[in-house]
>>> print(open('coords32.txt').read())   # compact mmCIF, C-alpha atoms
# COMPACT_ATOMS: atom_id res chain seq x y z
CA MET K 223 4.18 63.30 -71.78
CA ALA K 224 7.20 65.61 -71.63
CA SER K 225 9.00 63.19 -69.32
CA SER K 226 8.36 60.34 -71.80
CA ARG K 227 9.81 62.39 -74.66
CA THR K 228 12.82 63.26 -72.48
CA ALA K 229 13.42 59.61 -71.59
CA ALA K 230 13.18 58.60 -75.23
CA MET K 231 15.62 61.32 -76.21
CA LEU K 232 18.12 60.12 -73.56
CA VAL K 233 17.91 56.56 -74.89
CA LEU K 234 18.51 57.84 -78.44
CA VAL K 235 21.53 59.88 -77.33
CA ALA K 236 22.95 56.87 -75.44
CA ALA K 237 22.53 54.70 -78.53
CA VAL K 238 24.40 57.22 -80.69
CA LEU K 239 27.21 57.95 -78.25
CA CYS K 240 27.66 54.43 -76.85
CA PRO K 241 25.90 51.79 -78.97
CA ALA K 242 27.60 49.00 -77.02
CA ALA K 243 25.60 50.04 -73.97
CA LEU K 244 22.43 48.75 -75.63
CA SER K 245 23.93 45.65 -77.20
CA LYS K 246 23.79 42.08 -75.94
CA PRO K 247 26.45 41.31 -73.25
CA SER K 248 29.55 39.55 -74.51
CA ALA K 249 29.25 35.78 -74.29
CA ALA K 250 32.67 35.70 -72.65
CA PHE K 251 31.22 37.36 -69.56
CA ILE K 252 27.83 35.62 -69.31
CA SER K 253 29.12 32.70 -67.24
CA MET K 254 31.48 34.70 -65.03
CA PRO K 255 31.24 34.19 -61.27
CA THR K 256 29.62 37.15 -59.52
CA ASP K 257 32.94 38.50 -58.22
CA HIS K 258 34.31 38.82 -61.76
CA VAL K 259 31.30 39.98 -63.78
CA GLY K 260 32.39 42.31 -66.53
CA GLY K 261 36.01 41.98 -65.46
CA ARG K 262 35.33 43.51 -62.03
CA ILE K 263 38.26 42.76 -59.75
CA PRO K 264 37.50 42.23 -56.06
CA PRO K 265 39.69 44.45 -53.85
CA VAL K 266 42.52 42.81 -51.91
CA SER K 267 43.46 44.09 -48.46
CA PRO K 268 46.92 43.59 -46.89
CA ALA K 269 47.40 40.58 -44.64
CA ASP K 270 47.67 41.03 -40.88
CA GLY K 271 50.82 42.94 -39.98
CA LEU K 272 51.29 44.38 -43.47
CA ALA K 273 50.46 47.86 -44.78
CA PHE K 274 50.99 49.72 -48.04
CA ASP K 275 52.73 52.56 -46.17
CA PHE K 276 54.62 50.39 -43.67
CA HIS K 277 58.02 51.97 -44.47
CA ALA K 278 56.79 55.50 -45.17
CA ASP K 279 58.59 56.87 -42.08
CA SER K 280 61.41 54.37 -41.59
CA CYS K 281 62.58 54.38 -45.22
CA PRO K 282 60.82 57.03 -47.32
CA GLN K 283 63.23 56.56 -50.25
CA LEU K 284 62.65 52.79 -50.40
CA GLN K 285 60.48 52.71 -53.51
CA ASP K 286 62.83 54.98 -55.47
CA VAL K 287 65.94 53.00 -54.54
CA VAL K 288 64.39 49.69 -55.56
CA ARG K 289 62.86 51.01 -58.77
CA SER K 290 66.12 52.64 -59.88
CA ALA K 291 68.13 49.48 -59.21
CA VAL K 292 65.66 47.27 -61.06
CA GLU K 293 65.41 49.56 -64.07
CA THR K 294 69.20 49.83 -64.33
CA ALA K 295 69.60 46.06 -64.17
CA LEU K 296 66.84 45.34 -66.69
CA GLN K 297 68.18 47.84 -69.16
CA SER K 298 71.24 45.60 -69.38
CA GLU K 299 69.45 42.24 -69.08
CA ILE K 300 65.69 42.09 -69.59
CA ALA K 301 65.66 38.38 -68.71
CA LEU K 302 66.04 39.40 -65.06
CA ALA K 303 62.37 40.41 -65.04
CA ALA K 304 61.20 36.83 -65.45
CA GLY K 305 63.87 35.72 -63.00
CA LEU K 306 62.54 38.02 -60.28
CA LEU K 307 58.94 37.02 -60.95
CA ARG K 308 59.78 33.33 -60.64
CA ILE K 309 61.78 33.84 -57.44
CA PHE K 310 58.85 35.71 -55.87
CA PHE K 311 56.41 32.93 -56.76
CA HIS K 312 58.77 30.19 -55.58
CA ASP K 313 59.30 32.06 -52.32
CA CYS K 314 55.64 32.75 -51.56
CA PHE K 315 53.93 29.53 -52.57
CA PRO K 316 55.54 27.01 -50.18
CA GLN K 317 55.21 28.79 -46.79
CA GLY K 318 54.48 32.44 -47.52
CA CYS K 319 56.55 35.39 -48.71
CA ASP K 320 59.42 35.30 -46.22
CA ALA K 321 62.60 35.20 -48.36
CA SER K 322 63.19 31.61 -47.24
CA VAL K 323 64.01 30.68 -50.83
CA LEU K 324 67.02 33.03 -50.72
CA LEU K 325 68.78 31.14 -47.91
CA THR K 326 71.83 29.18 -49.07
CA GLY K 327 73.77 26.28 -47.60
CA ASP K 328 72.85 22.79 -46.45
CA GLY K 329 69.12 22.11 -46.39
CA SER K 330 68.27 25.22 -48.41
CA GLU K 331 65.33 25.40 -50.79
CA LEU K 332 67.77 26.28 -53.56
CA GLN K 333 69.10 22.72 -53.40
CA LEU K 334 65.71 21.18 -54.21
CA PRO K 335 64.70 20.28 -57.81
CA PRO K 336 61.93 22.90 -58.22
CA ASN K 337 64.47 25.67 -57.55
CA LEU K 338 67.54 24.41 -59.38
CA THR K 339 66.90 26.71 -62.34
CA LEU K 340 66.20 29.95 -60.44
CA GLN K 341 68.32 32.68 -62.00
CA PRO K 342 71.54 33.30 -60.02
CA ARG K 343 71.80 36.86 -61.35
CA ALA K 344 68.24 37.65 -60.24
CA LEU K 345 69.04 36.28 -56.78
CA GLN K 346 72.15 38.44 -56.70
CA LEU K 347 70.16 41.49 -57.79
CA ILE K 348 67.91 41.14 -54.73
CA GLU K 349 70.96 41.06 -52.47
CA SER K 350 72.45 44.05 -54.27
CA ILE K 351 69.24 46.03 -53.74
CA ARG K 352 69.21 45.05 -50.04
CA ALA K 353 72.69 46.53 -49.66
CA GLN K 354 71.58 49.78 -51.32
CA VAL K 355 68.38 50.06 -49.26
CA HIS K 356 70.19 49.36 -45.99
CA ALA K 357 72.88 51.88 -46.90
CA ALA K 358 70.17 54.51 -47.41
CA CYS K 359 67.89 53.70 -44.47
CA GLY K 360 69.63 51.26 -42.17
CA PRO K 361 68.55 47.61 -41.75
CA VAL K 362 64.83 48.32 -41.49
CA VAL K 363 63.52 46.62 -44.68
CA SER K 364 63.40 42.85 -45.07
CA CYS K 365 64.67 40.86 -48.03
CA ALA K 366 61.09 39.60 -48.42
CA ASP K 367 59.77 43.15 -48.90
CA ILE K 368 62.61 43.99 -51.28
CA THR K 369 61.83 40.91 -53.37
CA ALA K 370 58.15 41.88 -53.58
CA LEU K 371 58.95 45.45 -54.64
CA ALA K 372 61.62 44.42 -57.14
CA THR K 373 59.21 41.96 -58.75
CA ARG K 374 56.51 44.63 -59.09
CA ASP K 375 58.97 47.04 -60.69
CA ALA K 376 60.25 44.35 -63.07
CA VAL K 377 56.69 43.68 -64.27
CA ALA K 378 56.09 47.40 -64.81
CA PHE K 379 59.40 47.89 -66.64
CA SER K 380 58.51 44.99 -68.96
CA GLY K 381 55.24 46.61 -70.03
CA GLY K 382 52.87 45.55 -67.27
CA GLN K 383 50.89 47.69 -64.85
CA GLY K 384 52.38 48.88 -61.59
CA TYR K 385 50.52 48.15 -58.36
CA ASP K 386 50.75 48.91 -54.66
CA VAL K 387 52.66 46.34 -52.59
CA PRO K 388 51.77 45.63 -48.96
CA LEU K 389 54.94 45.78 -46.85
CA GLY K 390 56.13 44.79 -43.41
CA ARG K 391 57.17 41.18 -44.03
CA LEU K 392 59.88 39.55 -41.94
CA ASP K 393 62.55 37.20 -43.23
CA SER K 394 62.27 33.53 -42.36
CA LEU K 395 64.61 31.96 -39.83
CA ALA K 396 64.73 28.69 -41.76
CA PRO K 397 64.00 27.25 -45.20
CA ALA K 398 60.54 25.96 -45.99
CA PRO K 399 60.08 22.20 -45.50
CA SER K 400 60.86 20.21 -48.62
CA SER K 401 57.28 18.89 -48.67
CA ALA K 402 56.03 22.48 -49.04
CA VAL K 403 58.54 23.25 -51.78
CA PHE K 404 57.35 20.22 -53.73
CA ASP K 405 53.83 21.70 -53.61
CA LEU K 406 54.99 24.18 -56.27
CA PRO K 407 52.96 23.67 -59.48
CA GLN K 408 54.57 21.45 -62.08
CA ALA K 409 54.92 22.33 -65.77
CA SER K 410 53.37 18.97 -66.67
CA SER K 411 50.19 19.50 -64.60
CA ASN K 412 46.70 19.76 -66.08
CA ALA K 413 44.20 22.45 -65.12
CA SER K 414 42.36 20.33 -62.57
CA THR K 415 45.55 19.58 -60.66
CA LEU K 416 46.55 23.24 -60.76
CA ILE K 417 43.14 24.39 -59.51
CA ASP K 418 43.38 21.97 -56.59
CA VAL K 419 46.88 23.04 -55.53
CA PHE K 420 46.09 26.75 -55.87
CA GLU K 421 43.00 26.29 -53.71
CA THR K 422 45.27 25.10 -50.88
CA ARG K 423 46.71 28.63 -50.91
CA ASN K 424 43.30 30.35 -51.10
CA LEU K 425 43.93 31.27 -54.74
CA ASP K 426 41.01 30.67 -57.10
CA ASN K 427 40.84 29.73 -60.78
CA VAL K 428 41.03 33.38 -61.86
CA ASP K 429 44.18 33.85 -59.78
CA LEU K 430 45.58 30.69 -61.35
CA VAL K 431 45.14 31.99 -64.90
CA ALA K 432 46.31 35.50 -64.04
CA LEU K 433 49.48 34.28 -62.33
CA SER K 434 50.11 31.81 -65.16
CA GLY K 435 50.10 34.92 -67.35
CA GLY K 436 53.49 35.69 -65.83
CA HIS K 437 54.74 33.30 -68.52
CA THR K 438 54.26 36.14 -70.98
CA ILE K 439 57.94 36.78 -70.17
CA GLY K 440 60.69 34.29 -69.53
CA LYS K 441 61.98 30.98 -70.83
CA GLY K 442 61.73 27.31 -69.97
CA HIS K 443 64.18 24.45 -70.32
CA CYS K 444 63.30 21.88 -72.96
CA SER K 445 63.27 19.21 -70.27
CA SER K 446 60.31 21.02 -68.67
CA PHE K 447 58.01 20.30 -71.60
CA SER K 448 59.57 17.20 -73.18
CA ASN K 449 56.50 15.25 -72.00
CA ARG K 450 54.63 16.92 -74.89
CA PHE K 451 56.89 15.77 -77.71
CA SER K 452 54.64 12.85 -78.66
CA GLU K 453 51.68 15.19 -79.31
CA ASP K 454 50.50 15.48 -82.89
CA SER K 455 50.61 19.18 -83.74
CA ASP K 456 52.84 21.36 -85.87
CA PHE K 457 53.61 23.62 -82.91
CA VAL K 458 54.74 20.79 -80.65
CA ARG K 459 56.78 19.29 -83.46
CA SER K 460 58.56 22.63 -83.84
CA LEU K 461 59.26 22.65 -80.09
CA ALA K 462 60.65 19.12 -80.27
CA SER K 463 62.80 20.02 -83.25
CA ASN K 464 64.29 23.02 -81.45
CA CYS K 465 65.11 20.83 -78.46
CA SER K 466 66.39 17.77 -80.32
CA SER K 467 70.07 18.47 -79.74
CA ASP K 468 69.94 19.74 -76.15
CA PHE K 469 67.25 19.24 -73.50
CA ASN K 470 68.83 22.04 -71.45
CA ARG K 471 68.17 24.51 -74.23
CA LEU K 472 65.92 27.45 -73.34
CA GLN K 473 62.62 28.14 -75.10
CA ASP K 474 60.60 31.38 -74.97
CA LEU K 475 57.34 30.74 -73.09
CA ASP K 476 55.58 33.47 -75.08
CA VAL K 477 56.48 32.68 -78.68
CA THR K 478 55.14 36.02 -79.95
CA THR K 479 56.48 38.78 -77.66
CA PRO K 480 58.80 36.96 -75.24
CA ASP K 481 60.24 40.04 -73.50
CA VAL K 482 57.06 42.12 -73.21
CA PHE K 483 54.51 41.79 -70.41
CA ASP K 484 51.27 41.69 -72.43
CA ILE K 485 48.32 39.45 -73.34
CA LYS K 486 50.00 37.61 -76.23
CA TYR K 487 50.51 34.65 -73.90
CA PHE K 488 46.73 34.21 -73.81
CA THR K 489 46.18 34.65 -77.54
CA ASN K 490 48.93 32.08 -78.04
CA LEU K 491 47.00 29.64 -75.85
CA GLN K 492 43.89 30.21 -77.95
CA GLN K 493 45.95 29.19 -80.99
CA GLY K 494 47.36 26.07 -79.32
CA LYS K 495 50.79 27.66 -78.82
CA GLY K 496 51.31 27.24 -75.10
CA VAL K 497 54.71 25.77 -74.28
CA PHE K 498 54.16 24.03 -70.96
CA THR K 499 51.39 21.46 -70.50
CA SER K 500 50.27 23.57 -67.52
CA ASP K 501 49.83 26.52 -69.87
CA GLN K 502 48.01 24.89 -72.76
CA LYS K 503 45.70 22.84 -70.54
CA LEU K 504 44.18 26.07 -69.22
CA THR K 505 42.12 26.09 -72.43
CA ALA K 506 40.93 22.51 -71.90
CA ASP K 507 38.94 23.08 -68.68
CA TRP K 508 35.84 25.27 -68.62
CA ARG K 509 36.83 26.62 -65.18
CA THR K 510 39.90 28.29 -66.69
CA GLU K 511 39.11 28.55 -70.41
CA TRP K 512 36.70 31.47 -69.98
CA VAL K 513 39.36 33.38 -68.05
CA VAL K 514 41.95 32.77 -70.79
CA ASN K 515 39.49 34.07 -73.38
CA GLY K 516 38.60 37.05 -71.23
CA PHE K 517 42.20 38.09 -70.71
CA ALA K 518 43.01 37.53 -74.39
CA GLY K 519 40.37 40.11 -75.29
CA ASN K 520 40.93 42.64 -72.52
CA HIS K 521 44.48 43.57 -71.50
CA TRP K 522 43.27 45.99 -68.83
CA TRP K 523 41.38 43.20 -67.10
CA PHE K 524 44.49 41.01 -67.18
CA PHE K 525 46.75 43.78 -65.89
CA GLY K 526 44.35 44.64 -63.08
CA GLN K 527 43.71 41.03 -62.13
CA PHE K 528 47.40 40.17 -62.25
CA ALA K 529 48.05 42.99 -59.77
CA ALA K 530 45.26 41.74 -57.48
CA SER K 531 46.43 38.12 -57.70
CA MET K 532 50.03 39.13 -56.99
CA THR K 533 48.78 40.97 -53.90
CA LYS K 534 46.92 37.83 -52.77
CA LEU K 535 50.05 35.79 -53.41
CA GLY K 536 52.10 38.36 -51.50
CA ASN K 537 49.71 38.08 -48.55
CA LEU K 538 50.50 34.39 -48.03
CA GLN K 539 51.99 33.54 -44.65
CA GLY K 540 52.88 30.24 -43.06
CA PRO K 541 51.01 28.75 -40.11
CA GLN K 542 53.38 30.64 -37.82
CA GLY K 543 52.29 33.99 -39.25
CA ASN K 544 54.60 36.89 -40.02
CA VAL K 545 57.53 36.01 -37.75
CA GLY K 546 61.26 36.22 -38.29
CA GLU K 547 63.90 38.89 -38.62
CA ILE K 548 65.28 41.52 -40.98
CA ARG K 549 68.46 40.03 -42.43
CA ARG K 550 71.15 42.64 -41.83
CA ASN K 551 74.24 41.32 -43.57
CA SER K 552 72.99 39.28 -46.50
CA CYS K 553 69.73 37.96 -47.88
CA PHE K 554 71.45 34.58 -48.21
CA VAL K 555 72.04 33.89 -44.49
CA ARG K 556 70.33 34.41 -41.16
CA ASN K 557 71.63 37.06 -38.81
CA GLY K 558 74.54 35.77 -36.76
CA GLN K 559 75.60 33.23 -39.35
CA SER K 560 78.76 33.48 -41.39
CA ILE K 561 78.40 34.15 -45.09
CA LEU K 562 80.00 30.88 -46.16
CA THR K 563 78.52 30.67 -49.63
CA THR K 564 79.86 33.13 -52.16
CA THR K 565 77.24 35.42 -53.67
CA SER K 566 78.74 35.30 -57.16
CA ASP K 567 76.80 33.75 -60.03
CA GLU K 568 79.01 30.67 -59.82
CA GLY K 569 78.61 30.31 -56.08
CA LEU K 570 74.82 30.63 -56.21
CA ALA K 571 74.64 28.16 -59.06
CA ALA K 572 76.74 25.73 -57.08
CA SER K 573 74.60 26.18 -53.98
CA ALA K 574 71.48 25.63 -56.07
>>> encode(input="coords32.txt", output="structure tokens")
Amino acid sequence: MASSRTAAMLVLVAAVLCPAALSKPSAAFISMPTDHVGGRIPPVSPADGLAFDFHADSCPQLQDVVRSAVETALQSEIALAAGLLRIFFHDCFPQGCDASVLLTGDGSELQLPPNLTLQPRALQLIESIRAQVHAACGPVVSCADITALATRDAVAFSGGQGYDVPLGRLDSLAPAPSSAVFDLPQASSNASTLIDVFETRNLDNVDLVALSGGHTIGKGHCSSFSNRFSEDSDFVRSLASNCSSDFNRLQDLDVTTPDVFDIKYFTNLQQGKGVFTSDQKLTADWRTEWVVNGFAGNHWWFFGQFAASMTKLGNLQGPQGNVGEIRRNSCFVRNGQSILTTTSDEGLAASA
């Protein structure tokens, strides 16, 4: 009898202190796959050959050097955050995170259409950080690792959550094949196409939506979403009007808080205010819509999942595995090659 009264009292106390604990589960979570019930994020382990503490002995000041350089650069130009994030994605998706996208010259990935609008100043920032890291520690850290760390720090500086980055990558000896570069998701794609292409990289629909959330910062050229201009909505008409005089004009991808890493991107999608087709169509497929709605209502889930999905993306390696070198003289050329292409903004733009 006493135990029954005690149990009843505990239930009453729980109801007073945490009434949500006794309420019906949110509909947004009812249909979640098991791995993501209640916003639970499955842990992600480093890929073979990588470790969170890989440079702990060889370059103990690595994290501080990179963070300081990124914060200094972003204080002057916040747009570099989106530039770094896009470079990291465009490097990792084709053949793994190996800094192949940084190589310049004939046959480089920078010469291919998907990469023509990568930010020259963000590319230069990576090279600048390499020089600082190598000056502090010697040539023991790859451009691929520096890119991954700089991207993480850019996300955190912009308002996102920091996360641990597996390290130990080597720099590619050659650019990715053009066929792999053209696997990069297109701004005009629908959700089904995106799900299919992400699955080829062992990234699921939750990873797709989380990584798409990187569009909470950054801009897109009008030509990237001009396919939408015939749509009948006030928002699209406003986009078309802004672009009417120049298809090279830049448009904020998050029309609410364009320079802050937050969940406004997802609430914009709920309101029909996604800029790219690939963004807005995430609300048109049940496999991605529930994730959009979940992130829109829970910024901690988005931040945590974005970190996990970035780690999965950062684990990608080509069929050859983690092979290559640590570029000693420049992130833009292999060791032993002359630095023929200038590393100025103009030179990178020309090489791209």
>>> residues_around(input="coords32.txt", residues="Phe524 (chain K)", least_positions_apart="4", cutoff="9 Å", atoms="all atoms listed in the file", output="list of chain:residue names")
K:Gly261, K:Ala432, K:Gly435, K:Asp484, K:Ile485, K:Gly516, K:Phe517, K:Ala518, K:Asn520, K:Phe528, K:Ala529
>>> closest_residue(input="coords32.txt", among="K:Asp393, K:Gly384, K:Thr478, K:Ala304", to="Cys319 (chain K)", atoms="all atoms listed in the file")
K:Asp393
>>> residues_around(input="coords32.txt", residues="region 346-350 of chain K", least_positions_apart="5", cutoff="7 Å", atoms="all atoms listed in the file", output="mmCIF file with C-alpha atoms, keeping the file's coordinate frame")
data_model
loop_
_atom_site.group_PDB
_atom_site.id
_atom_site.type_symbol
_atom_site.label_atom_id
_atom_site.label_comp_id
_atom_site.auth_asym_id
_atom_site.auth_seq_id
_atom_site.Cartn_x
_atom_site.Cartn_y
_atom_site.Cartn_z
ATOM 1 C CA ILE K 368 62.610 43.990 -51.280
ATOM 2 C CA THR K 369 61.830 40.910 -53.370
ATOM 3 C CA SER K 552 72.990 39.280 -46.500
ATOM 4 C CA CYS K 553 69.730 37.960 -47.880
ATOM 5 C CA THR K 565 77.240 35.420 -53.670
#
>>> closest_residue(input="coords32.txt", among="K:Ala370, K:Val482, K:Val387, K:Ala301", to="Phe276 (chain K)", atoms="all atoms listed in the file")
K:Val387
>>> closest_residue(input="coords32.txt", among="K:Asn449, K:Gln285, K:Gln317, K:Asn537", to="Leu406 (chain K)", atoms="all atoms listed in the file")
K:Gln317
>>> residues_near_point(input="coords32.txt", point="(66.3, 28.1, -51.9)", cutoff="10 Å", atoms="all atoms listed in the file", output="ChimeraX atom specification")
/K:309,312-313,321-327,329-338,340,345,397-398,403,554,570,573-574
>>> residues_near_point(input="coords32.txt", point="(55.2, 18.3, -71.3)", cutoff="10 Å", atoms="only C-alpha atoms", output="VMD selection string")
chain K and resid 408 to 411 444 to 453 458 497 to 502
